[in-house]
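In what follows, a single structure is set out as structure tokens and then discussed.
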2 protein chains.
Amino acid sequence: MAWEPLYCLVTQRRNEVTDNNYETLDPANWNEMRALAHRMVDDAITYLETVADRPVWQPVPDEVAARFEEPAPRDPSDPEAVYNEFLETIFPYPMGNIHPRFWGWYMGNGTVFGALADFMAAIMNPNLGGGNHVANMVEAQVVDWLKAMFDFPPDASGLLVSGGSMANLVGLAVARNDRAGYNVRELGLRAGGEQMTVYASVEVHSCHQKAVELMGLGSKALRKIPVNPDYTIDLAALESAIAADRVAGCRPICVVGSAGTINTGAIDNMNALADICAREGLWFHVDGAIGAVAVLADNVRSQLAGIERADSIALDLHKWMHVPFEAGCALVRHDAAHREAFALTPAYLEHGTRGLAAGRLWFSEYGLQLTRQFRALKVWMSIKEHGLDRYGRMMARNVEQAHYLGEMIANHPQLELMAPIGLDIVCFRYNPGGLDDAALNDLNKEILMRLQEQGIAAPSYTTLGDRYCLRVAIANHRSTTADFEALVGAVRQLGRSLHGDA
Amino acid sequence: MAWEPLYCLVTQRRNEVTDNNYETLDPANWNEMRALAHRMVDDAITYLETVADRPVWQPVPDEVAARFEEPAPRDPSDPEAVYNEFLETIFPYPMGNIHPRFWGWYMGNGTVFGALADFMAAIMNPNLGGGNHVANMVEAQVVDWLKAMFDFPPDASGLLVSGGSMANLVGLAVARNDRAGYNVRELGLRAGGEQMTVYASVEVHSCHQKAVELMGLGSKALRKIPVNPDYTIDLAALESAIAADRVAGCRPICVVGSAGTINTGAIDNMNALADICAREGLWFHVDGAIGAVAVLADNVRSQLAGIERADSIALDLHKWMHVPFEAGCALVRHDAAHREAFALTPAYLEHGTRGLAAGRLWFSEYGLQLTRQFRALKVWMSIKEHGLDRYGRMMARNVEQAHYLGEMIANHPQLELMAPIGLDIVCFRYNPGGLDDAALNDLNKEILMRLQEQGIAAPSYTTLGDRYCLRVAIANHRSTTADFEALVGAVRQLGRSLHGDA
């Protein structure tokens, strides 16, 4: 190759003059680090292989917690000593979402191969802000795969981000700038004539409120529309709200549809929202953090019909796709609008046609981050490992498990389903009869605490109409039928022992 | 323990009824995955051990690039086959910033142990949005360590984020909400009486423009103040601009000081900026993404005097601290102001006093993300491995190397230093004499392309006063004296061969 003569000279000279004792952050002894690395992967794989044999969760003992008050060390330590401290103080106390009976909030489990991909990404350690190197091609391919899942056109744009909150912020920022009617990037919101307004149901995720607050629209600009009994957005109320805002001199710009609400997994009517947006000239953004990837699942796909008409979609891959945290994606139908919301190219980032700064892939022009890690690798390796259809089967099974749990609840007179089962989310409570809501709230809180404290299972909880519910969100590829039977058995046993036999 | 009887029953039942062929995303064969993992860490460690023997960078061949146009697989693949594809199409084409002669933009190298920490973080896969588990304690400890580095009070707050762009956005968002003079979160910017303005030098990083645009202030609200010949902010011009804005009816809210500019590593006068902010009642934010961590370096510390007076500081740990991407931190002196800018607690996130939802550490209330990965672990393990003083020595050596390179440039009549050396950043060009700036720009562009294309070294470039410069940003724990000698030798040799001997 052309570079060889000069390049070889350089390398030879370096090896001649570099002192072996030169201090770096590289291992002082590569073989010792290699041995430690082998020990670490062995421990890690055993940890996941045996996770079902341990309690779902346990609190951190006070004496361990106290270790995390110590000041930073000034001097180096042997990596093996650091790892031993990790084994003693950190590894035994996971959050629990790797366990087959963790169903709290809405998490994913992660996978072994996904974690290994994260390791390889950190070893290569490229920066996906832009430039001419393969990591950007991997991200572009992953984004193409996700676009294809939603029948987005090939020239749509996309960006891997930390997760749903950031993906939704990107979508809403593009919507704001595209629909403001003037140069909002340059002039700011104070220069605009009308108050811009955004619409979503009362069940919409809180990150949307954070987004409109950050963007300077104000939380009042997020119009929260009532829901139907199944927790989907009330379409007539939405249309009335838009009309009322127009009369009041506001500028409606965007409707957010929820493809799986956080409380109950409800999926808004995507086609109806797309119709309203088309009629009203509004940006149609879909918050699909929870449920959009279930287009892969045979028993969900039809409920998502119309999602392909969205102007932008926010996805999470670290939830139902089980990529290790963090991995989300913002898809935008209109590449130009996406780029116009974020692109900025100072002299030190100018693109070239040759060398490292060449290439068409500058993801930093599609979002807030300039430095971006190689999160695409774990998505790429995970989708290659499992294939899209296996993900679909896993999600479909979680939905079936939710309904199986629902049947068990229906069959036990002391258990009460609190909302329609949406996707894989089941809200229920123990209700032995004869207690008012306040007493039931206290009883169910105690049941949940004991489930968690005894390491049996980890649902989380929510409040629906002032009634406290155990909330079981089953984005878990490790859960089996026996796990749900165990949950029902434990809730009944705890309820009986706390309330006294009826 | 109290949970044992019921818990054991559950586990036993699960093992009895679960079919071994139950499909999950776990390895079909744990031993095969274990063997593959051992192979991967071996390959990874050899890759870094031998990195200096390979070219800094090489372009991706077209036939490899074409592989990344293939659609997503529907069916599973053997993990080993996926890894082999990775070895063939991805691993050989790093960006180059792991190499001792990569000095482009402003990167870090990463470390082996940092990458292993990322692996362990992905195995445990906790969500640091909040809750009662050890990962949040690790993050709190790391934030405490960083606060102590800057003499921030113990009750100051902090948040690990993806990097400098996000850390600066957090700081500016807190500043905006704290200094708006009304409830900007609820009412938005249109309700405010006056245009808020933010001040920084013309050399400030582009992420600040992105931040004010996103926040709805508009890019015009970022007043870019001229710099002195050493590229630090002109303090008199800053004071004039603030005064003029007050006269014009604007509301100055914040000054951004740069602790290391991206072009030349210039450090603004922190004490002078703190004085101006105190006098004018403005929020003092420091963009320390490049240089703030050099408070650890004996030959830089004094230049940063006054940084401890900031209201907020943005840090990058994946640059000069060499934690693998992504790792940044936002520090805020005033916990309440920080929390008030971001906290939001819907029913499904309500905190408890027992169980998983207990604990005082809810980092999601201090930033935009709800789901947050365990990035704290790689920071914790890295600082434990190396100790703060070794980081200080590494940074001090990079600064010395910059000046050594500067001396070599001064000693070669064909080389021209283009700006004062700030921190570890050197801007220079090849100038054999007798050429105008346009011709020198072309010549130096070609020299840079050949340096990169021949795999010799990877500086990046910038433009200072319309003059194209090779820009050498030495945040590299692997660079040795010989590497800089090689750079100078190669630039002179390429210059001579391109321009013809003088």
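Letters for chains follow the order of the structure tokens (A, B, ...), residue numbers begin at 1 for each chain, and ligand numbers begin at 1 in the order shown.
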Quiz item: Contacts of Glu308 (chain A) at 7 Å or less, counting only C-alpha atoms, minus same-chain residues fewer than 5 places along, as a VMD selection string?
Solution: chain A and resid 150 to 152
For the selection you just gave me, I'd like the residues written to a file as a PDB file, in the first residue's frame, keeping C-alpha atoms.
ATOM      1  CA  PHE A 150     -42.552   1.135   9.940  1.00  0.00           C
ATOM      2  CA  ASP A 151     -42.732   1.403   6.144  1.00  0.00           C
ATOM      3  CA  PHE A 152     -40.989   4.757   6.324  1.00  0.00           C
TER       4      PHE A 152
END
Over all order-paired Cα atoms, chain A deviates from chain B after least-squares fitting by an RMSD of 0.0 Å
Who sits within 6 Å of region 456-472 of chain B, only C-alpha atoms, same chain under 4 positions skipped, as number ranges by chain: A: 7, 347-348; B: 56, 101-105, 425-429, 441, 451-452
request  = Run DSSP on the backbone of this structure and report the residues of region 42-186 of chain B it assigns to alpha helix (DSSP H), as a PyMOL selection string.
outcome  = chain B and resi 42-49+62-65+79-89+112-124+134-149+164-179+184-186
Counting only C-alpha atoms, the residue among A:Ala135, A:Met449, A:Cys277, A:Leu217 that lies closest to Pro59 (chain B) is A:Ala135
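Among the candidates A:Ile447, A:Ala243, A:Ala289, A:Ala490, the residue lying nearest to chain B is A:Ala490 (atoms considered: only C-alpha atoms).
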Leaving out Leu116 (chain B) and any residue of its chain fewer than 2 positions from it, which residues lie within 9 Å of it when counting only C-alpha atoms, given as a VMD selection string? (chain A and resid 37 40 to 41 119 122 to 123) or (chain B and resid 41 111 to 114 118 to 121 378)
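One distance worth recording is that between CA of Arg301 (chain B) and CA of Ala266 (chain B), which is 13.6 Å.
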Can I get the residues of region 254-351 of chain B within 9 Å of region 175-178 of chain B, each with the closest pair of atoms and their distance in Å to one decimal, using only C-alpha atoms, sorted chain first then ascending number, as JSON lines?
{"residue": "B:Cys254", "atom": "CA", "partner": "B:Ala175", "partner_atom": "CA", "distance": 6.6}
{"residue": "B:Leu282", "atom": "CA", "partner": "B:Ala175", "partner_atom": "CA", "distance": 8.7}
{"residue": "B:Trp283", "atom": "CA", "partner": "B:Ala175", "partner_atom": "CA", "distance": 6.0}
{"residue": "B:Phe284", "atom": "CA", "partner": "B:Ala175", "partner_atom": "CA", "distance": 8.4}
{"residue": "B:His285", "atom": "CA", "partner": "B:Ala175", "partner_atom": "CA", "distance": 8.1}
{"residue": "B:Asp311", "atom": "CA", "partner": "B:Ala175", "partner_atom": "CA", "distance": 8.6}
{"residue": "B:Ser312", "atom": "CA", "partner": "B:Ala175", "partner_atom": "CA", "distance": 8.6}
{"residue": "B:Ala337", "atom": "CA", "partner": "B:Asp178", "partner_atom": "CA", "distance": 6.2}
{"residue": "B:His338", "atom": "CA", "partner": "B:Asp178", "partner_atom": "CA", "distance": 8.6}
{"residue": "B:Glu340", "atom": "CA", "partner": "B:Asn177", "partner_atom": "CA", "distance": 8.2}
{"residue": "B:Ala341", "atom": "CA", "partner": "B:Asn177", "partner_atom": "CA", "distance": 6.2}
Please produce a file of the residues just selected, as an mmCIF file, in the first residue's frame, where the atoms kept are N, CA, C and O atoms.
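Result file is again-v5.cif:
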data_model
loop_
_atom_site.group_PDB
_atom_site.id
_atom_site.type_symbol
_atom_site.label_atom_id
_atom_site.label_comp_id
_atom_site.auth_asym_id
_atom_site.auth_seq_id
_atom_site.Cartn_x
_atom_site.Cartn_y
_atom_site.Cartn_z
ATOM 1 N N CYS B 254 -27.137 34.988 31.788
ATOM 2 C CA CYS B 254 -26.066 33.988 31.971
ATOM 3 C C CYS B 254 -24.827 34.329 31.147
ATOM 4 O O CYS B 254 -24.954 34.781 30.007
ATOM 5 N N LEU B 282 -25.853 37.648 37.185
ATOM 6 C CA LEU B 282 -26.012 36.647 36.125
ATOM 7 C C LEU B 282 -25.532 35.278 36.601
ATOM 8 O O LEU B 282 -24.676 35.165 37.474
ATOM 9 N N TRP B 283 -26.107 34.255 35.994
ATOM 10 C CA TRP B 283 -25.683 32.874 36.233
ATOM 11 C C TRP B 283 -24.331 32.666 35.552
ATOM 12 O O TRP B 283 -24.160 33.020 34.392
ATOM 13 N N PHE B 284 -23.378 32.083 36.271
ATOM 14 C CA PHE B 284 -22.051 31.839 35.704
ATOM 15 C C PHE B 284 -21.917 30.357 35.390
ATOM 16 O O PHE B 284 -21.747 29.523 36.281
ATOM 17 N N HIS B 285 -22.003 30.046 34.097
ATOM 18 C CA HIS B 285 -21.850 28.660 33.646
ATOM 19 C C HIS B 285 -20.477 28.490 33.002
ATOM 20 O O HIS B 285 -20.052 29.340 32.218
ATOM 21 N N ASP B 311 -21.712 28.792 38.910
ATOM 22 C CA ASP B 311 -23.017 28.258 39.313
ATOM 23 C C ASP B 311 -23.234 26.863 38.735
ATOM 24 O O ASP B 311 -23.958 26.052 39.310
ATOM 25 N N SER B 312 -22.635 26.623 37.579
ATOM 26 C CA SER B 312 -22.729 25.286 36.981
ATOM 27 C C SER B 312 -21.512 25.054 36.107
ATOM 28 O O SER B 312 -20.942 25.995 35.555
ATOM 29 N N ALA B 337 -32.371 24.714 42.529
ATOM 30 C CA ALA B 337 -32.576 25.271 41.189
ATOM 31 C C ALA B 337 -32.489 24.176 40.136
ATOM 32 O O ALA B 337 -33.243 24.152 39.156
ATOM 33 N N HIS B 338 -31.555 23.257 40.354
ATOM 34 C CA HIS B 338 -31.366 22.156 39.415
ATOM 35 C C HIS B 338 -32.628 21.286 39.358
ATOM 36 O O HIS B 338 -33.185 21.015 38.292
ATOM 37 N N GLU B 340 -35.629 22.036 40.410
ATOM 38 C CA GLU B 340 -36.826 22.761 39.953
ATOM 39 C C GLU B 340 -36.899 22.874 38.434
ATOM 40 O O GLU B 340 -37.974 23.092 37.870
ATOM 41 N N ALA B 341 -35.760 22.744 37.779
ATOM 42 C CA ALA B 341 -35.773 22.834 36.314
ATOM 43 C C ALA B 341 -36.256 21.547 35.665
ATOM 44 O O ALA B 341 -36.715 21.567 34.514
#
Q: Quick one: everything within 6 Å of region 315-321 of chain A, counting only C-alpha atoms, minus sequence neighbours fewer than 2 positions away in the same chain. Send it as a list of chain:residue names.
A: A:Met107, A:Gly108, A:Gly163, A:Gly164, A:Gly288, A:Ala289, A:Val323, A:Pro324, A:Phe325, A:Ala327, A:Gly328, A:Cys329, A:Ala475
Gly352 (chain A) proximity check over B:Glu385, B:Asp75, B:Glu203, B:Glu446, using only C-alpha atoms: winner is B:Glu446
Would you list the contacts of Ala156 (chain B) as a count of residues only, taking every protein, DNA or RNA residue within 10 Å and counting only C-alpha atoms, but skipping same-chain residues closer than 3 positions in sequence?
14
For Glu69 (chain B), list every protein, DNA or RNA residue within 9 Å, evaluated using only C-alpha atoms, and leave out those in the same chain fewer than 5 positions away; present the list as a list of chain:residue names. A:Met137, A:Ala140, A:Gln141, A:Asp144
**Report entry** All strand (DSSP E) positions in region 332-447 of chain A, as a VMD selection string
**Finding:** chain A and resid 332 415 to 417 425 to 430
Go ahead and write the residues just picked, N, CA, C and O atoms, as a JSON list (two decimals), in the first residue's frame.
[["chain", "number", "residue", "atom", "x", "y", "z"],
["A", 332, "VAL", "N", -37.69, 10.21, 11.57],
["A", 332, "VAL", "CA", -38.38, 11.39, 11.03],
["A", 332, "VAL", "C", -38.59, 11.18, 9.54],
["A", 332, "VAL", "O", -37.66, 10.85, 8.81],
["A", 415, "LEU", "N", -59.05, -11.25, 43.75],
["A", 415, "LEU", "CA", -58.21, -10.41, 42.89],
["A", 415, "LEU", "C", -59.11, -9.61, 41.94],
["A", 415, "LEU", "O", -60.12, -10.13, 41.45],
["A", 416, "GLU", "N", -58.70, -8.37, 41.67],
["A", 416, "GLU", "CA", -59.56, -7.47, 40.88],
["A", 416, "GLU", "C", -58.72, -6.80, 39.80],
["A", 416, "GLU", "O", -57.73, -6.11, 40.10],
["A", 417, "LEU", "N", -59.11, -6.99, 38.56],
["A", 417, "LEU", "CA", -58.45, -6.31, 37.45],
["A", 417, "LEU", "C", -58.88, -4.84, 37.46],
["A", 417, "LEU", "O", -60.07, -4.54, 37.55],
["A", 425, "ILE", "N", -49.39, -5.00, 29.82],
["A", 425, "ILE", "CA", -49.47, -4.33, 31.12],
["A", 425, "ILE", "C", -50.77, -4.69, 31.82],
["A", 425, "ILE", "O", -51.86, -4.49, 31.29],
["A", 426, "VAL", "N", -50.64, -5.20, 33.04],
["A", 426, "VAL", "CA", -51.79, -5.64, 33.83],
["A", 426, "VAL", "C", -51.81, -4.87, 35.15],
["A", 426, "VAL", "O", -50.83, -4.91, 35.90],
["A", 427, "CYS", "N", -52.89, -4.16, 35.41],
["A", 427, "CYS", "CA", -53.05, -3.45, 36.68],
["A", 427, "CYS", "C", -54.13, -4.16, 37.49],
["A", 427, "CYS", "O", -55.27, -4.31, 37.03],
["A", 428, "PHE", "N", -53.79, -4.60, 38.70],
["A", 428, "PHE", "CA", -54.78, -5.32, 39.51],
["A", 428, "PHE", "C", -54.53, -5.04, 40.99],
["A", 428, "PHE", "O", -53.56, -4.39, 41.36],
["A", 429, "ARG", "N", -55.47, -5.52, 41.83],
["A", 429, "ARG", "CA", -55.24, -5.41, 43.26],
["A", 429, "ARG", "C", -55.86, -6.61, 43.97],
["A", 429, "ARG", "O", -56.71, -7.31, 43.43],
["A", 430, "TYR", "N", -55.41, -6.80, 45.19],
["A", 430, "TYR", "CA", -56.00, -7.80, 46.07],
["A", 430, "TYR", "C", -57.19, -7.15, 46.75],
["A", 430, "TYR", "O", -57.07, -6.07, 47.34]]
